[in-house]
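my_file34.tsv follows (TSV, C-alpha atoms and all ligand atoms):
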```tsv
chain	number	residue	atom	x	y	z
A	1	MET	CA	0.14	-25.97	11.74
A	2	THR	CA	2.00	-27.75	8.98
A	3	SER	CA	3.05	-31.35	9.30
A	4	THR	CA	6.72	-31.52	8.38
A	5	ASP	CA	6.63	-35.31	8.07
A	6	LEU	CA	4.69	-35.17	4.80
A	7	SER	CA	6.28	-36.89	1.82
A	8	ILE	CA	6.06	-36.57	-1.95
A	9	ALA	CA	3.27	-38.84	-3.15
A	10	ASP	CA	1.64	-40.00	-6.37
A	11	PRO	CA	0.82	-38.75	-8.83
A	12	ILE	CA	4.03	-37.16	-10.03
A	13	ALA	CA	2.49	-35.70	-13.14
A	14	VAL	CA	4.45	-34.64	-16.23
A	15	SER	CA	2.95	-32.85	-19.24
A	16	VAL	CA	4.29	-31.41	-22.49
A	17	TYR	CA	2.85	-28.28	-24.13
A	18	ARG	CA	3.77	-26.94	-27.53
A	19	PHE	CA	3.07	-23.28	-28.34
A	20	PRO	CA	3.52	-22.30	-32.00
A	21	THR	CA	5.07	-18.89	-32.61
A	22	PRO	CA	3.13	-16.45	-34.84
A	23	GLY	CA	5.60	-17.28	-37.62
A	24	PRO	CA	9.13	-18.60	-38.06
A	25	GLU	CA	11.59	-16.79	-35.78
A	26	ALA	CA	15.36	-16.65	-36.22
A	27	ASP	CA	18.48	-15.55	-34.41
A	28	GLY	CA	22.03	-15.78	-35.66
A	29	THR	CA	22.29	-19.55	-35.38
A	30	LEU	CA	18.80	-21.07	-35.10
A	31	LEU	CA	15.32	-20.98	-36.66
A	32	TRP	CA	12.20	-22.11	-34.74
A	33	ASP	CA	8.43	-22.07	-35.03
A	34	ALA	CA	7.30	-23.23	-31.59
A	35	THR	CA	8.22	-23.30	-27.91
A	36	THR	CA	7.90	-26.48	-25.85
A	37	ALA	CA	7.18	-26.36	-22.13
A	38	VAL	CA	7.66	-29.49	-20.01
A	39	VAL	CA	5.62	-29.24	-16.82
A	40	VAL	CA	5.93	-31.23	-13.60
A	41	GLU	CA	3.54	-31.26	-10.65
A	42	LEU	CA	4.52	-32.73	-7.27
A	43	THR	CA	2.03	-33.59	-4.55
A	44	ALA	CA	2.36	-33.76	-0.76
A	45	GLY	CA	-0.52	-33.61	1.70
A	46	ASN	CA	-3.23	-31.53	0.09
A	47	GLU	CA	-0.84	-29.30	-1.84
A	48	ARG	CA	0.64	-29.43	-5.32
A	49	GLY	CA	3.86	-27.77	-6.46
A	50	LEU	CA	4.28	-26.67	-10.07
A	51	GLY	CA	7.48	-26.31	-12.07
A	52	TRP	CA	8.39	-26.27	-15.72
A	53	THR	CA	11.22	-25.89	-18.18
A	54	TYR	CA	11.44	-24.87	-21.83
A	55	SER	CA	13.13	-27.85	-23.43
A	56	SER	CA	12.79	-30.99	-25.49
A	57	PRO	CA	9.86	-33.35	-24.83
A	58	ALA	CA	12.60	-35.83	-23.90
A	59	THR	CA	12.81	-33.93	-20.60
A	60	ALA	CA	9.42	-35.39	-19.66
A	61	GLU	CA	10.80	-38.91	-20.10
A	62	VAL	CA	13.75	-38.08	-17.83
A	63	ILE	CA	11.42	-36.78	-15.13
A	64	GLY	CA	9.03	-39.72	-15.35
A	65	HIS	CA	11.62	-42.46	-15.77
A	66	ASP	CA	14.67	-41.28	-13.81
A	67	LEU	CA	13.59	-38.64	-11.28
A	68	ALA	CA	10.10	-39.59	-10.12
A	69	PRO	CA	11.11	-42.91	-8.49
A	70	ILE	CA	13.79	-41.06	-6.48
A	71	LEU	CA	11.43	-38.30	-5.41
A	72	ARG	CA	8.56	-40.46	-4.21
A	73	GLY	CA	8.51	-40.73	-0.43
A	74	ARG	CA	11.03	-37.94	0.16
A	75	SER	CA	10.30	-34.88	2.26
A	76	PRO	CA	9.37	-31.81	0.19
A	77	PHE	CA	10.91	-29.71	2.96
A	78	ASP	CA	14.33	-31.27	2.34
A	79	ILE	CA	15.15	-29.69	-1.01
A	80	PRO	CA	18.95	-30.05	-0.68
A	81	GLY	CA	18.48	-33.74	0.13
A	82	CYS	CA	16.19	-34.22	-2.87
A	83	ARG	CA	18.66	-32.45	-5.18
A	84	THR	CA	21.57	-34.52	-3.99
A	85	ALA	CA	19.67	-37.79	-4.40
A	86	LEU	CA	18.46	-36.83	-7.89
A	87	GLN	CA	21.90	-35.78	-9.09
A	88	ARG	CA	23.46	-38.97	-7.75
A	89	ALA	CA	20.79	-41.05	-9.46
A	90	CYS	CA	21.59	-39.42	-12.81
A	91	ARG	CA	25.32	-40.06	-12.68
A	92	ASN	CA	25.36	-42.54	-15.53
A	93	ILE	CA	23.10	-40.55	-17.87
A	94	GLY	CA	24.82	-37.24	-17.05
A	95	THR	CA	23.55	-34.22	-15.15
A	96	THR	CA	23.71	-31.59	-17.92
A	97	ALA	CA	21.52	-30.60	-20.90
A	98	VAL	CA	18.11	-32.31	-20.91
A	99	VAL	CA	18.73	-33.89	-17.50
A	100	ALA	CA	19.62	-30.46	-16.07
A	101	HIS	CA	16.39	-29.08	-17.52
A	102	ALA	CA	14.45	-31.92	-15.85
A	103	LEU	CA	16.23	-31.32	-12.53
A	104	SER	CA	15.46	-27.61	-12.83
A	105	ALA	CA	11.72	-28.12	-13.38
A	106	VAL	CA	11.58	-30.47	-10.40
A	107	ASP	CA	13.52	-28.05	-8.17
A	108	ILE	CA	11.10	-25.25	-9.02
A	109	ALA	CA	8.14	-27.51	-8.23
A	110	LEU	CA	9.78	-28.46	-4.91
A	111	TRP	CA	10.18	-24.82	-3.85
A	112	ASP	CA	6.59	-24.08	-4.84
A	113	LEU	CA	5.37	-27.14	-2.94
A	114	LYS	CA	7.39	-26.28	0.16
A	115	ALA	CA	6.03	-22.72	0.24
A	116	ARG	CA	2.47	-23.95	-0.26
A	117	LEU	CA	2.83	-26.47	2.57
A	118	LEU	CA	4.20	-23.72	4.81
A	119	ARG	CA	1.30	-21.53	3.64
A	120	VAL	CA	3.52	-18.66	2.59
A	121	PRO	CA	4.14	-16.96	-0.78
A	122	LEU	CA	7.36	-18.16	-2.39
A	123	PRO	CA	8.86	-14.63	-2.28
A	124	VAL	CA	8.45	-14.75	1.51
A	125	LEU	CA	10.19	-18.14	1.71
A	126	LEU	CA	13.03	-17.01	-0.59
A	127	GLY	CA	13.30	-13.57	0.98
A	128	ALA	CA	13.34	-10.21	-0.75
A	129	ALA	CA	16.26	-8.08	-1.89
A	130	ARG	CA	14.03	-5.75	-3.92
A	131	ALA	CA	10.34	-5.00	-4.37
A	132	ALA	CA	10.38	-5.83	-8.10
A	133	THR	CA	12.89	-6.67	-10.82
A	134	PRO	CA	13.71	-4.39	-13.77
A	135	VAL	CA	13.03	-6.10	-17.09
A	136	TYR	CA	14.32	-5.44	-20.57
A	137	GLY	CA	12.36	-6.14	-23.74
A	138	SER	CA	13.81	-8.99	-25.79
A	139	GLY	CA	13.09	-10.43	-29.22
A	140	GLY	CA	14.10	-8.47	-32.27
A	141	PHE	CA	14.62	-11.58	-34.38
A	142	THR	CA	16.94	-11.42	-37.37
A	143	ASN	CA	14.15	-12.34	-39.80
A	144	LEU	CA	11.81	-9.52	-38.78
A	145	ALA	CA	10.92	-6.84	-41.27
A	146	ASP	CA	11.93	-3.37	-40.11
A	147	ASP	CA	8.33	-2.41	-39.31
A	148	GLU	CA	7.93	-5.56	-37.21
A	149	LEU	CA	11.10	-4.69	-35.28
A	150	ALA	CA	9.78	-1.17	-34.75
A	151	GLU	CA	6.51	-2.57	-33.40
A	152	GLN	CA	8.30	-4.77	-30.84
A	153	ILE	CA	10.52	-1.93	-29.65
A	154	SER	CA	7.55	0.40	-29.37
A	155	GLN	CA	5.72	-2.21	-27.28
A	156	TRP	CA	8.67	-2.61	-24.88
A	157	ARG	CA	9.28	1.09	-24.49
A	158	GLY	CA	5.54	1.59	-23.93
A	159	ALA	CA	5.71	-0.98	-21.10
A	160	GLY	CA	8.41	1.07	-19.41
A	161	CYS	CA	11.52	-0.90	-20.44
A	162	GLU	CA	14.60	1.31	-20.40
A	163	ALA	CA	16.61	-1.30	-22.30
A	164	VAL	CA	15.76	-3.56	-25.22
A	165	LYS	CA	17.67	-6.40	-26.86
A	166	ILE	CA	17.71	-7.47	-30.48
A	167	LYS	CA	19.27	-10.44	-32.23
A	168	ILE	CA	22.24	-9.94	-34.52
A	169	GLY	CA	24.65	-12.33	-36.21
A	170	GLN	CA	22.26	-13.02	-39.09
A	171	ASP	CA	23.20	-15.99	-41.30
A	172	ARG	CA	25.73	-17.29	-38.77
A	173	GLY	CA	27.58	-14.00	-38.72
A	174	GLY	CA	27.75	-13.67	-42.49
A	175	ALA	CA	25.60	-10.54	-42.82
A	176	ILE	CA	27.45	-7.94	-40.75
A	177	ASP	CA	26.30	-4.96	-42.81
A	178	ARG	CA	22.68	-5.95	-42.26
A	179	ASP	CA	23.35	-6.51	-38.53
A	180	LEU	CA	24.74	-2.99	-38.17
A	181	GLU	CA	21.90	-1.53	-40.23
A	182	ARG	CA	19.41	-3.09	-37.79
A	183	VAL	CA	21.46	-1.84	-34.81
A	184	ALA	CA	21.29	1.70	-36.21
A	185	LEU	CA	17.54	1.38	-36.74
A	186	ALA	CA	17.02	0.09	-33.19
A	187	ILE	CA	19.05	2.96	-31.71
A	188	GLU	CA	16.93	5.44	-33.64
A	189	LEU	CA	13.71	3.76	-32.47
A	190	ILE	CA	14.76	3.57	-28.83
A	191	GLY	CA	15.51	7.26	-28.54
A	192	ASP	CA	17.94	9.17	-26.38
A	193	ARG	CA	17.02	7.72	-23.02
A	194	GLY	CA	16.94	4.02	-24.01
A	195	ARG	CA	19.74	1.49	-24.00
A	196	LEU	CA	20.38	-1.09	-26.71
A	197	MET	CA	21.58	-4.62	-26.01
A	198	VAL	CA	22.40	-7.17	-28.71
A	199	ASP	CA	22.65	-10.96	-28.78
A	200	ALA	CA	24.64	-12.79	-31.46
A	201	ASN	CA	23.85	-16.29	-30.11
A	202	GLY	CA	27.41	-17.35	-30.81
A	203	ALA	CA	27.25	-16.51	-34.52
A	204	TYR	CA	30.59	-14.76	-35.02
A	205	THR	CA	34.19	-15.82	-35.09
A	206	VAL	CA	36.45	-14.00	-32.64
A	207	GLY	CA	37.76	-11.70	-35.38
A	208	ARG	CA	34.29	-10.80	-36.65
A	209	ALA	CA	33.01	-10.31	-33.11
A	210	ARG	CA	35.79	-7.85	-32.36
A	211	ARG	CA	35.12	-5.88	-35.54
A	212	VAL	CA	31.35	-5.80	-34.92
A	213	GLY	CA	32.03	-5.00	-31.26
A	214	ALA	CA	34.11	-1.96	-32.19
A	215	GLU	CA	31.12	-0.63	-34.15
A	216	LEU	CA	28.80	-1.41	-31.23
A	217	ASP	CA	31.11	0.52	-28.87
A	218	ARG	CA	31.15	3.44	-31.27
A	219	ARG	CA	27.33	3.50	-31.28
A	220	GLY	CA	26.94	3.16	-27.51
A	221	VAL	CA	25.51	-0.37	-27.37
A	222	VAL	CA	25.81	-1.52	-23.75
A	223	TRP	CA	25.57	-5.34	-23.95
A	224	PHE	CA	27.06	-7.82	-26.43
A	225	GLU	CA	25.72	-11.29	-25.63
A	226	GLU	CA	27.41	-14.45	-26.87
A	227	PRO	CA	29.52	-12.71	-29.50
A	228	VAL	CA	31.10	-16.13	-29.99
A	229	THR	CA	29.80	-19.46	-28.76
A	230	SER	CA	29.76	-19.79	-24.99
A	231	ASP	CA	31.39	-23.20	-25.47
A	232	ASP	CA	34.58	-21.15	-26.07
A	233	PRO	CA	35.42	-19.22	-22.87
A	234	HIS	CA	38.83	-18.30	-24.27
A	235	GLY	CA	37.16	-16.76	-27.33
A	236	LEU	CA	34.76	-14.80	-25.12
A	237	ASP	CA	37.75	-13.56	-23.14
A	238	ARG	CA	39.52	-12.39	-26.31
A	239	VAL	CA	36.43	-10.49	-27.46
A	240	ARG	CA	35.84	-8.98	-24.02
A	241	ALA	CA	39.44	-7.77	-23.77
A	242	ALA	CA	38.97	-5.66	-26.91
A	243	LEU	CA	35.63	-4.00	-26.08
A	244	ARG	CA	34.10	-1.42	-23.79
A	245	CYS	CA	30.54	-2.82	-23.77
A	246	ASP	CA	29.63	-5.69	-21.46
A	247	VAL	CA	30.29	-9.12	-22.91
A	248	THR	CA	27.86	-11.65	-21.50
A	249	ALA	CA	26.88	-15.32	-21.66
A	250	GLY	CA	25.49	-18.04	-19.44
A	251	GLU	CA	22.00	-18.96	-20.64
A	252	TYR	CA	22.98	-22.63	-21.11
A	253	ILE	CA	24.63	-23.03	-17.71
A	254	CYS	CA	23.56	-26.28	-16.04
A	255	GLY	CA	24.95	-25.59	-12.58
A	256	ARG	CA	27.79	-24.22	-10.52
A	257	TYR	CA	30.60	-25.92	-12.46
A	258	ASP	CA	29.44	-24.31	-15.70
A	259	ALA	CA	29.14	-20.98	-13.90
A	260	ALA	CA	32.69	-21.31	-12.57
A	261	ALA	CA	33.98	-21.94	-16.10
A	262	LEU	CA	32.43	-18.72	-17.47
A	263	ILE	CA	32.59	-16.29	-14.60
A	264	ASP	CA	36.00	-14.80	-15.39
A	265	VAL	CA	35.23	-14.15	-19.09
A	266	VAL	CA	31.91	-12.30	-18.79
A	267	ASP	CA	30.93	-8.93	-17.36
A	268	CYS	CA	27.49	-10.17	-16.32
A	269	LEU	CA	26.57	-13.84	-15.92
A	270	GLN	CA	23.27	-14.93	-17.41
A	271	LEU	CA	21.33	-17.63	-15.59
A	272	ASP	CA	18.21	-19.50	-16.62
A	273	VAL	CA	16.27	-21.01	-13.75
A	274	THR	CA	14.80	-23.62	-16.10
A	275	ARG	CA	18.28	-24.93	-16.95
A	276	CYS	CA	20.71	-24.08	-14.15
A	277	GLY	CA	19.17	-26.24	-11.44
A	278	GLY	CA	15.98	-24.35	-10.62
A	279	TYR	CA	15.82	-21.86	-7.78
A	280	SER	CA	18.47	-23.80	-5.83
A	281	GLY	CA	20.87	-23.70	-8.78
A	282	PHE	CA	20.16	-20.02	-9.41
A	283	LEU	CA	21.03	-19.18	-5.79
A	284	GLU	CA	24.29	-21.14	-5.97
A	285	CYS	CA	25.40	-19.66	-9.29
A	286	ALA	CA	24.44	-16.11	-8.26
A	287	ALA	CA	26.48	-16.49	-5.08
A	288	LEU	CA	29.45	-17.65	-7.12
A	289	ALA	CA	29.05	-14.62	-9.38
A	290	ALA	CA	28.84	-12.30	-6.38
A	291	ALA	CA	32.10	-13.73	-5.05
A	292	HIS	CA	33.69	-12.75	-8.38
A	293	GLY	CA	32.22	-9.25	-8.34
A	294	ARG	CA	29.71	-9.97	-11.09
A	295	ASP	CA	26.03	-9.22	-11.53
A	296	VAL	CA	23.71	-11.89	-12.88
A	297	SER	CA	20.86	-11.44	-15.34
A	298	ALA	CA	17.89	-13.79	-15.63
A	299	HIS	CA	17.39	-15.37	-19.05
A	300	CYS	CA	13.78	-15.64	-20.32
A	301	ALA	CA	10.97	-17.50	-18.41
A	302	PRO	CA	9.85	-14.27	-16.71
A	303	ALA	CA	7.01	-15.85	-14.69
A	304	LEU	CA	9.38	-18.35	-13.10
A	305	HIS	CA	12.19	-15.86	-12.57
A	306	ALA	CA	9.99	-13.28	-10.85
A	307	PRO	CA	10.33	-14.61	-7.27
A	308	ILE	CA	14.01	-15.57	-7.43
A	309	THR	CA	15.25	-12.38	-9.07
A	310	ALA	CA	13.58	-10.37	-6.31
A	311	ALA	CA	15.46	-12.47	-3.78
A	312	VAL	CA	19.02	-12.18	-5.14
A	313	PRO	CA	20.95	-8.95	-4.43
A	314	ASN	CA	23.30	-9.11	-7.45
A	315	VAL	CA	20.55	-9.53	-10.07
A	316	ARG	CA	20.85	-6.74	-12.62
A	317	HIS	CA	17.70	-7.42	-14.65
A	318	LEU	CA	15.40	-9.99	-16.17
A	319	GLU	CA	14.89	-10.78	-19.85
A	320	TRP	CA	11.26	-10.20	-20.84
A	321	PHE	CA	11.49	-12.49	-23.86
A	322	ILE	CA	8.63	-12.04	-26.28
A	323	ASP	CA	7.92	-15.75	-26.93
A	324	HIS	CA	7.68	-16.59	-23.23
A	325	ALA	CA	5.88	-13.36	-22.31
A	326	ARG	CA	3.29	-14.34	-24.93
A	327	LEU	CA	2.76	-17.95	-23.87
A	328	GLU	CA	3.06	-17.86	-20.06
A	329	PRO	CA	-0.35	-16.23	-19.44
A	330	THR	CA	-1.84	-19.07	-21.54
A	331	LEU	CA	0.15	-21.83	-19.83
A	332	VAL	CA	-0.62	-20.65	-16.29
A	333	ASP	CA	-3.09	-18.58	-14.35
A	334	GLY	CA	-1.54	-16.17	-11.86
A	335	ALA	CA	1.59	-15.15	-13.79
A	336	PRO	CA	2.95	-11.77	-12.65
A	337	ARG	CA	2.64	-8.89	-15.10
A	338	VAL	CA	5.16	-6.28	-16.18
A	339	ALA	CA	4.25	-2.67	-15.37
A	340	ASP	CA	6.43	0.44	-15.48
A	341	GLY	CA	9.43	-1.61	-16.60
A	342	VAL	CA	9.48	-3.95	-13.61
A	343	LEU	CA	8.12	-7.40	-12.79
A	344	PRO	CA	6.73	-7.98	-9.27
A	345	PRO	CA	7.85	-11.17	-7.47
A	346	HIS	CA	4.42	-12.76	-7.83
A	347	GLY	CA	1.02	-12.33	-9.41
A	348	ALA	CA	-1.92	-10.55	-7.88
A	349	ARG	CA	-3.50	-13.58	-6.15
A	350	SER	CA	-0.44	-15.25	-4.69
A	351	ASP	CA	-1.00	-16.26	-1.10
A	352	ARG	CA	0.95	-19.53	-1.32
A	353	GLY	CA	3.93	-20.68	-3.37
A	354	HIS	CA	4.62	-18.85	-6.61
A	355	GLY	CA	0.86	-18.55	-7.02
A	356	MET	CA	0.62	-20.07	-10.49
A	357	ARG	CA	-1.53	-22.97	-11.65
A	358	ILE	CA	-1.83	-24.62	-15.07
A	359	SER	CA	-4.54	-22.73	-16.92
A	360	GLU	CA	-7.55	-24.34	-18.59
A	361	LYS	CA	-6.47	-22.34	-21.64
A	362	ALA	CA	-3.33	-24.48	-21.85
A	363	ALA	CA	-5.27	-27.67	-22.65
A	364	ALA	CA	-5.43	-26.73	-26.34
A	365	TYR	CA	-1.61	-26.79	-26.47
A	366	ARG	CA	-0.98	-30.01	-24.55
A	367	VAL	CA	0.69	-32.63	-26.70
A	368	SER	CA	1.23	-35.35	-24.10
A	369	ALA	CA	0.59	-36.03	-20.47
A	370	CYS	CA	1.54	-38.82	-18.16
A	371	SER	CA	2.29	-39.57	-14.57
A	372	ASP	CA	4.85	-42.15	-13.67
A	373	ALA	CA	2.25	-43.74	-11.42
A	374	VAL	CA	-0.02	-44.28	-14.42
A	375	LYS	CA	2.84	-45.52	-16.60
A	376	SER	CA	4.12	-48.10	-14.14
B	401	MG	MG	20.84	-15.19	-25.61
```
Representation of the structure as structure tokens:
Amino acid sequence: MTSTDLSIADPIAVSVYRFPTPGPEADGTLLWDATTAVVVELTAGNERGLGWTYSSPATAEVIGHDLAPILRGRSPFDIPGCRTALQRACRNIGTTAVVAHALSAVDIALWDLKARLLRVPLPVLLGAARAATPVYGSGGFTNLADDELAEQISQWRGAGCEAVKIKIGQDRGGAIDRDLERVALAIELIGDRGRLMVDANGAYTVGRARRVGAELDRRGVVWFEEPVTSDDPHGLDRVRAALRCDVTAGEYICGRYDAAALIDVVDCLQLDVTRCGGYSGFLECAALAAAHGRDVSAHCAPALHAPITAAVPNVRHLEWFIDHARLEPTLVDGAPRVADGVLPPHGARSDRGHGMRISEKAAAYRVSACSDAVKS
């Protein structure tokens, strides 16, 4: 039997890992050469819950300095109570951006810990709406050579993905001819039975987005993500009103209020469990989307999204993002694997929680580690 009077104890451990990309990677509005994962581990009884987010190393400071003192001594079974206390404690520093990423990592660790204490797999605790979640291949960076793009698409199609997504909006939307050239190439590479999705990462103005969108409609592209910045819901609405393809956004949503602000101007709401409040936030935002007749789509972090996307009825698909798909099997042991175009809700050896543990292989990428107990 499980003792439900257990409480969260020391150490509350926080670590930062930095995974270089094979080379510089670009979308329409950003260039990067590494991905940072901020990891939190919570302990209660003899079990440890693991969560992480992809964010700034500053997230680790927020967890150690602002969240850990609130968590210590609380019941890991009382996730809504923990969330409420943490959000209230962050009032003065704000509950969005880096703080939201910290709250998300902690929420994921809490759900993992609760399932482990109850001795059930997390997909059992969350419940199942489907046996596995369809994924789409994602990457297709704007600075890839054509043969590199072809290699990525071939890899995704070989893994059973019916849909793939490439980046457009090169040079902040200033290279439309090149964008459409790459779209044409991707359509050719995908073949008759595949679907193309594109992501402009907010690179275009409304006028440019509508002109590019008309070409995308003509070529049968099904998904136009962040044609303009998602900070401009009115702009998204103006683009969406002119196009047939789905206009989508939501990857930066920090919680239900952000979701409410976007829900009427997108066809499918994107949610990222490492930003939107963890599994609890994902459930809230997905329910809000369902009440507005919208599907949701999981953004990146496939290993963490696997259990929650299987649990939510209005999930359309999950983004199998190449950077995260590459690093997650190094960061953790027990990550689920894509096969036949779907991701199962957990890895092969998952009898408790989400079934993942920090891998020994990750040590080479760790750039800092601390626990608030050690710091204080
Ligand atoms: Mg995106």
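For Pro57 (chain A), the residues within 9 Å (counting all atoms listed in the file, excluding itself and residues fewer than 4 positions away along the chain) are Ser15, Val16, Tyr17, Thr36, Ala37, Val38, Glu61 and Ser368 of chain A.
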Closest-contact table, chain A side, partner ligand MG 401 (chain B), 7 Å, counting only C-alpha atoms and all ligand atoms, as a tab-separated table:
```
residue	atom	partner	partner_atom	distance
A:Asp199	CA	B:MG401	MG	5.6
A:Asn201	CA	B:MG401	MG	5.5
A:Glu225	CA	B:MG401	MG	6.2
A:Glu226	CA	B:MG401	MG	6.7
A:Glu251	CA	B:MG401	MG	6.3
```
Store the residues of this selection in a file with C-alpha atoms, as a PDB file, keeping the file's coordinate frame.
```pdb
ATOM      1  CA  ASP A 199      22.650 -10.960 -28.780  1.00  0.00           C
ATOM      2  CA  ASN A 201      23.850 -16.290 -30.110  1.00  0.00           C
ATOM      3  CA  GLU A 225      25.720 -11.290 -25.630  1.00  0.00           C
ATOM      4  CA  GLU A 226      27.410 -14.450 -26.870  1.00  0.00           C
ATOM      5  CA  GLU A 251      22.000 -18.960 -20.640  1.00  0.00           C
TER       6      GLU A 251
END
```
Open item on the list: For a quick check of your reading of the model, name the residues lying within 12 Å of the coordinate (32.1, -14.7, -14.7), counting only C-alpha atoms, and write them as an MDAnalysis selection string.
Closed with: chainID A and resid 230 233 236:237 240 246:250 253 256:271 285:297
TODO: With a distance cut-off of 12 Å and all atoms listed in the file, select the neighbouring residues of Leu117 (chain A), excluding the residue or stretch itself and same-chain residues fewer than 6 positions from it, and output the selection as a ChimeraX atom specification.
DONE: /A:1-8,42-49,75-77,110-111,125,351-353
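If you look at CA of Ala184 (chain A) and CA of Ser138 (chain A), they are 16.7 Å away from each other.
The residue that comes closest to Arg238 (chain A), out of A:Ala159, A:Met197, A:Val206, A:Leu71 and on the basis of all atoms listed in the file, is A:Val206.
Put simply, CA of Thr35 (chain A) is 9.3 Å away from CA of Ser56 (chain A).
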Task: Atom pair CA of Arg193 (chain A) / CA of Arg157 (chain A): separation (Å) - done: 10.3 Å
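Compared by their closest atoms to Val228 (chain A), and using all atoms listed in the file, the residues A:Thr330, A:Asn143, A:Thr29, A:Thr21 rank with A:Thr29 nearest.
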- [ ] Kindly extract all protein, DNA and RNA residues lying within 12 Å of the coordinates (22.0, -33.6, -20.4) given in the file, considering all atoms listed in the file, and supply them as a VMD selection string.
- [x] chain A and resid 55 to 56 58 to 59 62 87 90 to 104 252 to 255 275 to 277
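Nearest to Ala89 (chain A) of all the residues A:Asp66, A:Glu181, A:Asp33, A:Asp231 is A:Asp66, counting all atoms listed in the file.
Distance annotation: of A:Gln155, A:Ser280, A:Thr53, A:Thr84, the residue with the minimal separation from Leu67 (chain A) is A:Thr84; atom set is all atoms listed in the file.
Compared by their closest atoms to Pro227 (chain A), and using only C-alpha atoms, the residues A:Gly173, A:Pro336, A:Gly194, A:Gly64 rank with A:Gly173 nearest.
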Hey, which bits of region 85-182 of chain A sit within 12 Å of region 301-304 of chain A, and for each residue what's the closest pair of atoms and how far apart in Å (one decimal), counting only C-alpha atoms, rows by chain and increasing number, as a Markdown table?
```
| residue | atom | partner | partner_atom | distance |
| --- | --- | --- | --- | --- |
| A:Ser104 | CA | A:Leu304 | CA | 11.1 |
| A:Ala105 | CA | A:Leu304 | CA | 10.1 |
| A:Asp107 | CA | A:Leu304 | CA | 11.6 |
| A:Ile108 | CA | A:Leu304 | CA | 8.2 |
| A:Ala109 | CA | A:Leu304 | CA | 10.4 |
| A:Trp111 | CA | A:Leu304 | CA | 11.3 |
| A:Asp112 | CA | A:Leu304 | CA | 10.4 |
| A:Leu122 | CA | A:Leu304 | CA | 10.9 |
| A:Pro123 | CA | A:Leu304 | CA | 11.5 |
| A:Thr133 | CA | A:Pro302 | CA | 10.1 |
| A:Pro134 | CA | A:Pro302 | CA | 11.0 |
| A:Val135 | CA | A:Pro302 | CA | 8.8 |
| A:Tyr136 | CA | A:Pro302 | CA | 10.6 |
| A:Gly137 | CA | A:Pro302 | CA | 11.0 |
| A:Ser138 | CA | A:Pro302 | CA | 11.2 |
```
